[in-house]
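Have a look at protein_24.cif; it's mmCIF, C-alpha atoms:
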data_target
loop_
_atom_site.label_atom_id
_atom_site.label_comp_id
_atom_site.auth_asym_id
_atom_site.auth_seq_id
_atom_site.Cartn_x
_atom_site.Cartn_y
_atom_site.Cartn_z
CA MET Y 1 80.36 55.66 66.51
CA SER Y 2 80.63 52.33 64.72
CA GLY Y 3 84.22 51.14 64.43
CA SER Y 4 85.61 53.99 66.54
CA VAL Y 5 88.67 53.49 68.70
CA VAL Y 6 89.07 55.24 72.04
CA THR Y 7 92.51 54.87 73.60
CA ILE Y 8 92.95 55.73 77.26
CA ALA Y 9 96.57 56.72 77.73
CA SER Y 10 98.79 58.32 80.31
CA LEU Y 11 102.45 57.69 80.98
CA LYS Y 12 101.73 57.96 84.69
CA GLY Y 13 100.51 55.04 86.72
CA GLY Y 14 97.53 55.45 89.04
CA SER Y 15 95.89 58.20 87.02
CA GLY Y 16 92.67 56.23 86.55
CA LYS Y 17 93.18 54.77 83.07
CA THR Y 18 91.84 51.30 83.81
CA THR Y 19 88.92 52.62 85.83
CA LEU Y 20 87.96 55.03 83.06
CA ALA Y 21 88.42 52.38 80.34
CA CYS Y 22 86.28 49.83 82.18
CA CYS Y 23 83.61 52.35 83.12
CA LEU Y 24 83.29 53.63 79.54
CA ALA Y 25 83.25 50.13 78.06
CA VAL Y 26 80.59 48.96 80.51
CA HIS Y 27 78.53 52.11 80.00
CA TRP Y 28 78.55 51.61 76.22
CA HIS Y 29 77.84 47.90 76.68
CA LEU Y 30 74.75 48.74 78.73
CA LYS Y 31 73.68 51.15 76.00
CA GLY Y 32 73.96 48.33 73.48
CA TYR Y 33 76.91 49.73 71.51
CA LYS Y 34 78.75 46.37 71.41
CA PRO Y 35 82.09 47.64 72.70
CA LEU Y 36 85.38 45.76 72.73
CA LEU Y 37 87.68 46.43 75.67
CA ILE Y 38 91.34 45.73 74.89
CA ASP Y 39 93.73 45.31 77.78
CA ALA Y 40 97.11 46.41 76.42
CA ASP Y 41 98.59 46.87 79.88
CA PRO Y 42 101.07 44.16 80.93
CA GLN Y 43 99.72 44.54 84.48
CA LYS Y 44 96.47 43.00 83.17
CA SER Y 45 94.33 45.16 85.46
CA VAL Y 46 91.27 44.90 83.21
CA MET Y 47 91.56 41.14 82.98
CA ARG Y 48 91.98 40.86 86.74
CA LEU Y 49 88.85 42.92 87.26
CA ALA Y 50 86.98 40.79 84.74
CA ASP Y 51 88.02 37.67 86.66
CA ARG Y 52 85.77 38.75 89.51
CA ASP Y 53 82.09 37.79 89.95
CA GLN Y 54 80.33 40.17 87.60
CA ALA Y 55 83.03 40.04 84.90
CA LEU Y 56 82.41 43.64 83.84
CA GLY Y 57 78.89 42.75 82.82
CA GLY Y 58 80.01 40.56 79.95
CA VAL Y 59 81.83 43.24 77.95
CA GLU Y 60 83.84 41.59 75.18
CA LEU Y 61 87.49 41.58 76.23
CA LEU Y 62 90.77 41.04 74.46
CA GLU Y 63 94.19 40.94 76.04
CA GLN Y 64 97.22 41.97 74.01
CA ALA Y 65 100.08 43.78 75.67
CA ASP Y 66 102.55 44.06 72.81
CA PRO Y 67 103.31 46.72 70.19
CA ASN Y 68 101.44 44.77 67.52
CA VAL Y 69 98.22 45.70 69.30
CA TRP Y 70 97.63 48.42 66.68
CA ASN Y 71 97.20 45.73 64.05
CA THR Y 72 94.72 43.84 66.21
CA ILE Y 73 92.78 47.02 66.90
CA LYS Y 74 92.56 47.76 63.16
CA GLN Y 75 91.30 44.27 62.50
CA GLN Y 76 88.81 44.11 65.38
CA SER Y 77 87.40 47.63 65.50
CA GLY Y 78 85.24 47.21 62.39
CA ALA Y 79 83.24 44.45 64.06
CA HIS Y 80 82.46 46.51 67.17
CA GLY Y 81 80.55 49.66 67.91
CA VAL Y 82 83.48 51.09 69.79
CA THR Y 83 86.86 49.75 70.86
CA VAL Y 84 88.27 50.98 74.16
CA VAL Y 85 91.99 50.41 74.72
CA ASP Y 86 93.60 50.49 78.16
CA THR Y 87 97.34 51.17 77.95
CA PRO Y 88 100.33 50.79 80.29
CA GLY Y 89 101.14 53.58 82.71
CA PHE Y 90 104.73 53.99 81.55
CA ASP Y 91 106.79 54.78 78.44
CA SER Y 92 106.11 51.94 76.08
CA ASP Y 93 105.86 51.05 72.41
CA ILE Y 94 102.49 49.55 73.30
CA THR Y 95 101.14 52.96 74.26
CA VAL Y 96 102.45 54.57 71.07
CA ALA Y 97 100.98 51.74 68.98
CA ALA Y 98 97.59 52.17 70.66
CA LEU Y 99 97.73 55.93 70.15
CA ALA Y 100 98.46 55.45 66.46
CA VAL Y 101 95.12 53.85 65.70
CA ALA Y 102 92.94 55.91 68.01
CA ASP Y 103 90.11 58.09 66.80
CA LEU Y 104 90.00 59.69 70.21
CA VAL Y 105 92.61 59.65 72.97
CA LEU Y 106 91.53 60.34 76.52
CA ILE Y 107 94.32 61.28 78.89
CA PRO Y 108 93.32 60.94 82.54
CA VAL Y 109 95.15 63.44 84.71
CA LYS Y 110 94.92 63.99 88.42
CA ALA Y 111 94.99 67.51 89.77
CA SER Y 112 98.60 67.32 90.91
CA PRO Y 113 101.90 68.69 89.53
CA LEU Y 114 103.42 65.26 88.87
CA ASP Y 115 100.36 64.11 86.98
CA VAL Y 116 100.17 67.29 84.93
CA ASP Y 117 103.83 66.89 84.05
CA ARG Y 118 103.36 63.32 82.86
CA MET Y 119 100.20 64.31 81.02
CA MET Y 120 102.35 66.69 79.00
CA ASP Y 121 104.80 63.90 78.24
CA THR Y 122 101.84 61.83 77.07
CA VAL Y 123 100.71 64.63 74.76
CA LYS Y 124 104.26 64.90 73.44
CA THR Y 125 104.35 61.18 72.75
CA LEU Y 126 101.00 61.48 71.03
CA MET Y 127 102.29 64.25 68.79
CA SER Y 128 105.58 62.60 67.96
CA GLY Y 129 104.81 58.93 68.19
CA VAL Y 130 103.67 57.93 64.75
CA LYS Y 131 105.07 60.66 62.55
CA GLY Y 132 102.28 62.89 61.55
CA TRP Y 133 99.25 60.98 62.80
CA ALA Y 134 97.40 63.24 65.14
CA PRO Y 135 94.36 61.70 66.76
CA THR Y 136 91.91 63.94 68.57
CA PHE Y 137 92.72 64.03 72.25
CA ARG Y 138 91.18 65.33 75.43
CA CYS Y 139 92.48 65.42 78.97
CA VAL Y 140 90.10 64.21 81.68
CA LEU Y 141 90.57 65.40 85.21
CA THR Y 142 90.32 62.35 87.47
CA GLN Y 143 90.11 61.73 91.19
CA THR Y 144 89.26 65.37 91.77
CA ILE Y 145 87.72 66.64 94.98
CA ARG Y 146 84.60 68.63 94.16
CA GLY Y 147 85.02 72.29 94.91
CA SER Y 148 88.70 72.03 95.79
CA VAL Y 149 91.00 74.91 94.93
CA ILE Y 150 93.60 72.63 93.36
CA SER Y 151 91.08 71.11 90.96
CA ARG Y 152 89.94 74.50 89.74
CA HIS Y 153 93.52 75.73 89.61
CA VAL Y 154 94.73 72.84 87.46
CA ARG Y 155 91.73 73.04 85.15
CA ALA Y 156 92.19 76.78 84.67
CA GLU Y 157 95.90 76.38 84.07
CA LEU Y 158 95.51 73.61 81.52
CA GLU Y 159 92.85 75.57 79.68
CA GLU Y 160 95.10 78.60 79.66
CA GLY Y 161 97.93 76.48 78.29
CA GLY Y 162 95.72 75.37 75.39
CA PHE Y 163 95.23 71.77 76.53
CA PRO Y 164 91.80 70.50 75.53
CA LEU Y 165 89.86 69.18 78.51
CA LEU Y 166 86.58 67.37 78.79
CA ALA Y 167 84.04 69.57 80.52
CA ASN Y 168 83.21 66.74 82.93
CA ASP Y 169 85.59 65.46 85.59
CA MET Y 170 85.78 61.99 87.07
CA PRO Y 171 85.68 62.94 90.76
CA ASN Y 172 87.12 60.77 93.49
CA ARG Y 173 84.39 58.41 94.66
CA VAL Y 174 84.42 55.20 96.66
CA ALA Y 175 81.82 53.77 94.28
CA TYR Y 176 84.54 52.76 91.80
CA ALA Y 177 86.48 50.70 94.32
CA GLU Y 178 83.32 49.20 95.80
CA ALA Y 179 82.04 48.16 92.39
CA GLY Y 180 85.50 46.85 91.53
CA LEU Y 181 85.24 44.33 94.36
CA PHE Y 182 82.48 42.65 92.35
CA GLY Y 183 84.26 43.02 89.02
CA ALA Y 184 81.76 45.71 88.12
CA THR Y 185 81.50 49.45 87.58
CA PRO Y 186 79.07 51.94 89.15
CA SER Y 187 76.95 51.85 85.97
CA MET Y 188 76.19 48.22 86.80
CA THR Y 189 75.91 48.28 90.58
CA MET Y 190 74.37 51.73 91.11
CA PRO Y 191 73.03 53.03 87.78
CA ASP Y 192 71.56 56.19 89.32
CA SER Y 193 74.55 57.05 91.49
CA PRO Y 194 76.62 60.21 90.99
CA ALA Y 195 79.58 58.07 89.84
CA SER Y 196 77.44 56.49 87.16
CA GLN Y 197 76.25 59.93 86.06
CA ASP Y 198 79.85 61.17 85.89
CA ILE Y 199 80.73 58.32 83.54
CA SER Y 200 77.62 58.90 81.49
CA ALA Y 201 78.56 62.57 81.06
CA ILE Y 202 82.12 61.69 80.00
CA ALA Y 203 80.83 59.04 77.61
CA THR Y 204 78.38 61.52 76.07
CA GLU Y 205 81.21 63.99 75.46
CA ALA Y 206 83.33 61.25 73.90
CA GLU Y 207 80.43 60.19 71.66
CA ALA Y 208 79.98 63.77 70.47
CA LEU Y 209 83.68 64.05 69.67
CA LEU Y 210 83.67 60.78 67.77
CA ALA Y 211 80.57 61.79 65.82
CA THR Y 212 82.14 65.11 64.90
CA LYS Y 213 85.36 63.47 63.85
CA LYS Y 214 83.51 60.91 61.77
CA ALA Y 215 81.47 63.64 60.07
CA LEU Y 216 84.64 65.58 59.25
CA THR Y 217 86.46 62.61 57.79
CA ALA Y 218 83.51 61.02 55.98
CA MET Z 1 90.12 81.30 94.41
CA SER Z 2 90.88 81.64 98.09
CA LYS Z 3 94.50 80.47 97.87
CA ARG Z 4 97.19 81.59 95.44
CA LEU Z 5 98.88 78.50 94.07
CA PRO Z 6 102.02 78.41 91.93
CA ARG Z 7 101.87 77.05 88.39
CA THR Z 8 102.15 73.28 87.95
CA SER Z 9 103.93 73.73 84.61
CA ASN Z 10 105.09 76.50 82.30
CA ARG Z 11 104.61 74.48 79.15
CA THR Z 12 101.75 75.13 76.80
CA LEU Z 13 100.27 72.98 74.07
CA ASP Z 14 102.04 75.17 71.51
CA ASP Z 15 105.41 74.41 73.16
CA LEU Z 16 104.73 70.70 72.83
CA ARG Z 17 103.64 71.10 69.21
CA LYS Z 18 106.83 72.98 68.37
CA ALA Z 19 109.00 70.42 70.16
CA ALA Z 20 107.26 67.59 68.31
CA SER Z 21 107.57 69.21 64.89
CA GLN Z 22 111.22 70.11 65.51
CA ALA Z 23 111.97 66.54 66.56
CA LEU Z 24 110.16 65.28 63.47
CA GLU Z 25 112.03 67.64 61.15
CA ALA Z 26 115.36 66.74 62.75
CA GLU Z 27 114.64 63.09 62.27
CA GLN Z 28 113.27 63.16 58.71
CA PRO Z 29 116.56 63.08 56.74
CA LYS Z 30 117.91 60.32 58.96
CA ARG Z 31 114.84 58.15 58.53
CA ARG Z 32 114.54 58.52 54.77
CA PRO Z 33 117.16 55.90 53.71
CA SER Z 34 115.40 53.14 55.64
CA ALA Z 35 112.10 54.03 57.20
CA ARG Z 36 111.90 51.05 59.54
CA ARG Z 37 115.44 51.17 60.79
CA VAL Z 38 115.87 51.43 64.55
CA ASP Z 39 117.57 54.76 65.04
CA PRO Z 40 120.60 54.84 67.26
CA ALA Z 41 120.22 56.97 70.35
CA PRO Z 42 122.50 59.85 69.19
CA SER Z 43 120.09 60.77 66.39
CA GLU Z 44 117.51 61.84 68.90
CA ALA Z 45 119.47 62.70 71.99
CA PRO Z 46 122.66 64.50 71.08
CA SER Z 47 125.22 64.57 73.83
CA GLY Z 48 125.39 68.33 73.62
CA SER Z 49 121.82 68.83 74.67
CA ALA Z 50 121.03 69.80 78.20
CA PRO Z 51 120.15 66.77 80.27
CA ALA Z 52 117.68 68.74 82.28
CA SER Z 53 114.12 68.17 81.22
CA ASP Z 54 112.09 71.11 80.01
CA THR Z 55 109.64 70.16 82.69
CA ALA Z 56 111.89 71.73 85.28
CA ALA Z 57 110.25 74.70 86.91
CA LYS Z 58 111.38 77.98 85.46
CA PRO Z 59 110.69 81.39 86.86
CA GLU Z 60 109.56 82.89 83.53
CA LYS Z 61 105.87 82.57 82.97
CA LYS Z 62 105.90 82.89 79.20
CA PRO Z 63 108.08 80.59 77.09
CA GLU Z 64 110.74 82.12 74.85
CA PRO Z 65 109.79 82.61 71.19
CA ALA Z 66 110.71 79.67 68.98
CA ALA Z 67 113.31 81.66 67.02
CA SER Z 68 115.44 82.37 70.06
CA THR Z 69 115.05 78.91 71.55
CA PRO Z 70 117.27 76.24 70.02
CA PRO Z 71 115.41 73.02 69.17
CA LYS Z 72 115.10 71.31 72.49
CA GLN Z 73 116.09 67.66 72.29
CA GLU Z 74 114.61 65.11 74.60
CA PRO Z 75 116.75 63.49 77.25
CA ALA Z 76 117.41 59.77 77.00
CA GLY Z 77 114.48 57.73 78.21
CA SER Z 78 111.91 60.40 77.40
CA PRO Z 79 108.74 59.48 75.47
CA LEU Z 80 110.23 60.65 72.19
CA MET Z 81 112.73 57.82 72.39
CA VAL Z 82 109.95 55.29 72.17
CA GLN Z 83 109.25 55.77 68.48
CA SER Z 84 111.83 53.87 66.52
CA SER Z 85 110.31 50.40 66.53
CA ILE Z 86 106.73 51.40 65.81
CA PRO Z 87 105.42 51.82 62.29
CA SER Z 88 106.27 54.96 60.37
CA LYS Z 89 103.43 56.89 58.78
CA SER Z 90 104.01 55.30 55.36
CA SER Z 91 104.28 51.74 56.65
CA PHE Z 92 101.27 52.31 58.87
CA ARG Z 93 99.29 53.54 55.85
CA GLU Z 94 100.46 50.65 53.74
CA ALA Z 95 99.44 48.11 56.39
CA THR Z 96 96.05 49.77 56.74
CA GLY Z 97 95.71 49.82 52.95
CA ARG Z 98 96.44 46.10 52.82
CA LEU Z 99 93.75 45.49 55.44
CA ILE Z 100 91.27 47.47 53.33
CA ILE Z 101 92.18 45.44 50.23
CA GLU Z 102 91.92 42.16 52.13
CA ARG Z 103 88.54 43.07 53.60
CA HIS Z 104 87.16 44.03 50.20
CA ALA Z 105 88.61 40.88 48.62
CA ASN Z 106 86.58 38.92 51.17
CA PHE Z 107 83.46 40.88 50.24
CA ALA Z 108 84.18 40.16 46.59
CA ALA Z 109 84.42 36.45 47.35
CA LEU Z 110 80.89 36.61 48.74
CA ALA Z 111 79.67 38.74 45.83
CA GLY Z 112 81.04 36.14 43.44
CA LEU Z 113 78.72 33.59 45.02
CA VAL Z 114 75.59 35.49 44.01
CA PRO Z 115 73.82 32.93 41.81
CA MET Z 116 72.63 35.46 39.23
CA PRO Z 117 74.65 36.21 36.11
CA PHE Z 118 75.87 39.83 35.84
CA VAL Z 119 74.36 40.79 39.21
CA ASP Z 120 77.51 39.38 40.75
CA LEU Z 121 79.60 41.47 38.35
CA ALA Z 122 77.75 44.62 39.37
CA ALA Z 123 78.32 43.79 43.03
CA ILE Z 124 82.05 43.28 42.40
CA ALA Z 125 82.22 46.64 40.60
CA VAL Z 126 80.58 48.36 43.58
CA ILE Z 127 83.05 46.70 45.94
CA ALA Z 128 85.98 47.85 43.76
CA GLU Z 129 84.66 51.41 43.75
CA ARG Z 130 84.25 51.46 47.53
CA MET Z 131 87.74 50.04 48.02
CA LEU Z 132 89.31 52.66 45.75
CA ARG Z 133 87.57 55.48 47.58
CA LYS Z 134 88.67 54.14 50.98
CA LEU Z 135 92.25 53.79 49.81
CA THR Z 136 92.19 57.32 48.40
CA ARG Z 137 90.86 58.68 51.69
CA LEU Z 138 93.54 56.79 53.60
CA TYR Z 139 96.12 58.84 51.73
CA GLY Z 140 94.33 62.08 52.56
CA ARG Z 141 93.07 62.66 49.05
CA SER Z 142 89.61 62.99 47.66
CA LEU Z 143 87.78 60.96 45.08
CA SER Z 144 84.16 61.71 44.36
CA GLU Z 145 81.65 58.92 43.90
CA ASP Z 146 81.54 59.62 40.18
CA GLN Z 147 85.33 59.59 39.87
CA GLY Z 148 85.44 56.41 41.93
CA LYS Z 149 82.99 54.69 39.61
CA ARG Z 150 84.91 55.72 36.48
CA LEU Z 151 88.21 54.68 38.00
CA ALA Z 152 86.81 51.31 39.13
CA LEU Z 153 85.38 50.73 35.67
CA ALA Z 154 88.64 51.66 33.97
CA MET Z 155 90.62 49.36 36.24
CA LEU Z 156 88.13 46.56 35.94
CA THR Z 157 88.27 46.64 32.16
CA GLY Z 158 91.90 47.58 31.71
CA LEU Z 159 94.14 46.32 34.46
CA ALA Z 160 92.55 42.98 35.09
CA ALA Z 161 91.22 42.01 31.70
CA PRO Z 162 92.03 38.32 32.12
CA GLY Z 163 90.14 38.29 35.42
CA LEU Z 164 87.18 40.03 33.86
CA ALA Z 165 87.18 37.58 31.00
CA SER Z 166 87.20 34.74 33.47
CA ILE Z 167 84.28 36.16 35.44
CA THR Z 168 82.29 36.98 32.32
CA THR Z 169 82.89 33.52 30.94
CA THR Z 170 81.75 31.85 34.14
CA ALA Z 171 78.74 34.17 34.26
CA VAL Z 172 77.75 33.05 30.79
CA LEU Z 173 78.47 29.45 31.69
CA ARG Z 174 76.18 29.83 34.66
CA MET Z 175 73.26 30.40 32.32
CA ALA Z 176 73.69 26.87 31.10
CA PRO Z 177 72.22 24.13 33.30
CA GLY Z 178 74.55 22.08 35.52
CA SER Z 179 77.96 22.78 37.08
CA GLN Z 180 76.44 25.78 38.89
CA ILE Z 181 78.46 25.33 42.07
CA LEU Z 182 81.70 24.98 40.18
CA ASN Z 183 81.01 28.16 38.24
CA MET Z 184 80.14 30.09 41.39
CA ALA Z 185 83.38 28.93 42.98
CA ILE Z 186 85.39 30.05 39.94
CA THR Z 187 83.65 33.45 39.89
CA SER Z 188 84.26 33.90 43.61
CA ALA Z 189 87.95 33.03 43.34
CA SER Z 190 88.37 35.26 40.28
CA ALA Z 191 86.69 38.14 42.09
CA VAL Z 192 89.15 37.85 44.99
CA ILE Z 193 92.16 37.94 42.65
CA PHE Z 194 90.55 40.75 40.73
CA ILE Z 195 90.04 43.00 43.74
CA ARG Z 196 93.52 42.24 45.06
CA VAL Z 197 95.13 43.16 41.73
CA ILE Z 198 93.19 46.42 41.50
CA GLY Z 199 93.90 47.24 45.15
CA ASP Z 200 97.62 46.52 44.86
CA VAL Z 201 98.03 48.56 41.70
CA TYR Z 202 96.11 51.49 43.11
CA LEU Z 203 97.96 51.36 46.43
CA THR Z 204 101.27 51.47 44.56
CA ARG Z 205 100.07 54.54 42.65
CA LEU Z 206 99.01 56.28 45.84
CA GLN Z 207 102.36 55.48 47.45
CA ALA Z 208 104.08 56.98 44.42
CA GLY Z 209 102.15 60.19 45.06
CA ILE Z 210 99.75 59.92 42.14
CA ASP Z 211 96.48 61.53 43.11
CA GLY Z 212 93.38 59.38 42.92
CA ALA Z 213 91.61 61.93 40.75
CA GLU Z 214 94.61 62.13 38.38
CA ALA Z 215 94.25 58.45 37.61
CA VAL Z 216 90.62 58.85 36.54
CA PRO Z 217 90.22 58.62 32.77
CA ALA Z 218 88.67 61.65 31.12
#
As structure tokens, what does this structure read like?
Amino acid sequence: MSGSVVTIASLKGGSGKTTLACCLAVHWHLKGYKPLLIDADPQKSVMRLADRDQALGGVELLEQADPNVWNTIKQQSGAHGVTVVDTPGFDSDITVAALAVADLVLIPVKASPLDVDRMMDTVKTLMSGVKGWAPTFRCVLTQTIRGSVISRHVRAELEEGGFPLLANDMPNRVAYAEAGLFGATPSMTMPDSPASQDISAIATEAEALLATKKALTA
Amino acid sequence: MSKRLPRTSNRTLDDLRKAASQALEAEQPKRRPSARRVDPAPSEAPSGSAPASDTAAKPEKKPEPAASTPPKQEPAGSPLMVQSSIPSKSSFREATGRLIIERHANFAALAGLVPMPFVDLAAIAVIAERMLRKLTRLYGRSLSEDQGKRLALAMLTGLAAPGLASITTTAVLRMAPGSQILNMAITSASAVIFIRVIGDVYLTRLQAGIDGAEAVPA
């Protein structure tokens, strides 16, 4: 996992990019992986969260919301166990630049038609963005309601369409917003909570993907 | 499922792959003269193309075969339009290659400070071999450890003979008492130049399409 880059990207705002990026970075920080969390979103959501009391548990942060972020990621990733990049929720050179250097791209997508549509645009950007570079990507269903028909429907449809999905969702839980009030994530405030377990499961899947990719390219 | 829900999208991952590769193929001849040029809008969004996005709901469930579907161009403002100012694959590789060379030159500077004659030379040779293998891998080619060692040795003795002479001389000088720090500084500086020369030459060969293994002396 050393030196790996995980970019969280979606061309749709409000899909849960920042929440997922912060939760993964904090989870890996608590596991001692020495992560770097890069805020490449001009809205500075990560930095705003880190300004609060618990400052995301002291995760190392870097703010760079310009297309040269790919260069910074290349330079910084070697010194960290994993680099997590939060990207803007709109069409941007910054997103493409962050996709270009990713070992793994996670695309958060809500179980709704508009989100699925923008997820596909994100995948298209990923495939076309940097001329031939094709990082591994997975879609992550976010803000799902457990047991809802729409969640199952969207998952089944995406799988049928060939879109790779993480097996674990990031269900809608108040724990994220509550922890956010303290500048924290559920892994910090409630380590045994279901929200914390959801993040742990997603992180474990991401770790396995990164390990596989590393083994294949070694 | 208790409810029957309509599809959120008719696109599949294969559709997106085809669209991306068609866009890439269409763009290749235009990009060749100057890879970093910012393409004018007409190259990617011809006026003749339908303005309607392919995300629009269509009654057919299955997409048309690629042969009967003309290459679908993206409407203005779509994610594919984002690409022109970000690095192309070759410039991205070159920049990454330069980072690899720079990082190994820094290692070589440290290796040159090893206060033991010839041990420092061995360390510099190992660094050169590692750098060559990383550069080869960057260009998607393979170089075995044995080939890497032979190539590093050939380049060390052939391409940078003056540098080698300088390092050898300082190594011999170091055996004599006094001026130890000065000699270490000279070795360190020579090692940096040495690694940079080897890296630059090898990078140029890789860019010219010469396989790493082809360059290995028999």
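Using all atoms listed in the file, the nearest neighbour of chain Y within the list Z:Arg7, Z:Ile210, Z:Thr12, Z:Asp120 is Z:Thr12.
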- request: Can you turn the PyMOL selection byres ((chain Y and resi 88) around 9) into a concrete residue list for this file, as an MDAnalysis selection string?
  value: chainID Y and resid 9:13 17 39:43 65 86:87 89:92 94:95
task: Write out as JSON, numbers by chain every residue belonging to chain Y that has an atom at most 10 Å from any atom of chain Z, counting all atoms listed in the file.
output: {"Y": [11, 67, 68, 70, 71, 74, 75, 90, 91, 92, 93, 94, 95, 96, 97, 100, 101, 111, 112, 113, 114, 115, 116, 117, 118, 120, 121, 122, 123, 124, 125, 126, 127, 128, 129, 130, 131, 132, 133, 148, 149, 150, 152, 153, 154, 157, 158, 159, 160, 161, 162, 163, 164, 217, 218]}
What's the 9 Å shell around Glu102 (chain Z), counting only C-alpha atoms, without same-chain residues fewer than 6 positions away, as a compact mmCIF listing (two decimals) with C-alpha atoms, keeping the file's coordinate frame?
# COMPACT_ATOMS: atom_id res chain seq x y z
CA VAL Z 192 89.15 37.85 44.99
CA ILE Z 195 90.04 43.00 43.74
CA ARG Z 196 93.52 42.24 45.06
CA GLY Z 199 93.90 47.24 45.15
- prompt: If you apply the PyMOL selection byres ((chain Y and resi 45-54) around 10) to this file, what residues do you get, as a PyMOL selection string?
  reply: chain Y and resi 17-19+21-22+37-44+55-59+61-63+86+88+179-185+188-189
query: For the file shown, what are the residues hit by the PyMOL selection byres ((chain Y and resi 3) around 6), laid out as a list in words?
result: Ser2, Ser4, Ser77, Gly78, His80, Gly81 and Val82 of chain Y
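One finds CA of Glu94 (chain Z) at 29.0 Å from CA of Leu113 (chain Z).
Counting from CA of Phe137 (chain Y), the distance to CA of Thr136 (chain Z) is 24.8 Å.
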Please list as an mmCIF file with C-alpha atoms, in the frame of the given file every residue within 7 Å of Lys110 (chain Y), counting all atoms listed in the file and excluding residues in the same chain fewer than 4 positions away.
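Wrote part_23.cif, looks like this:
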data_model
loop_
_atom_site.group_PDB
_atom_site.id
_atom_site.type_symbol
_atom_site.label_atom_id
_atom_site.label_comp_id
_atom_site.auth_asym_id
_atom_site.auth_seq_id
_atom_site.Cartn_x
_atom_site.Cartn_y
_atom_site.Cartn_z
ATOM 1 C CA SER Y 15 95.890 58.200 87.020
ATOM 2 C CA ASP Y 115 100.360 64.110 86.980
ATOM 3 C CA LEU Y 141 90.570 65.400 85.210
ATOM 4 C CA THR Y 142 90.320 62.350 87.470
ATOM 5 C CA GLN Y 143 90.110 61.730 91.190
ATOM 6 C CA THR Y 144 89.260 65.370 91.770
#
query: Which residue, Y:Ala203, Y:Leu165, Y:Ala156, Y:Val140, has the smallest gap to Val84 (chain Y) when you use only C-alpha atoms?
result: Y:Ala203
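Comparing the minimum interatomic distances between Thr204 (chain Z) and each of Z:Arg130, Z:Arg98, Z:Lys149, Z:Arg141, counting all atoms listed in the file, we find that Z:Arg98 sits nearest.
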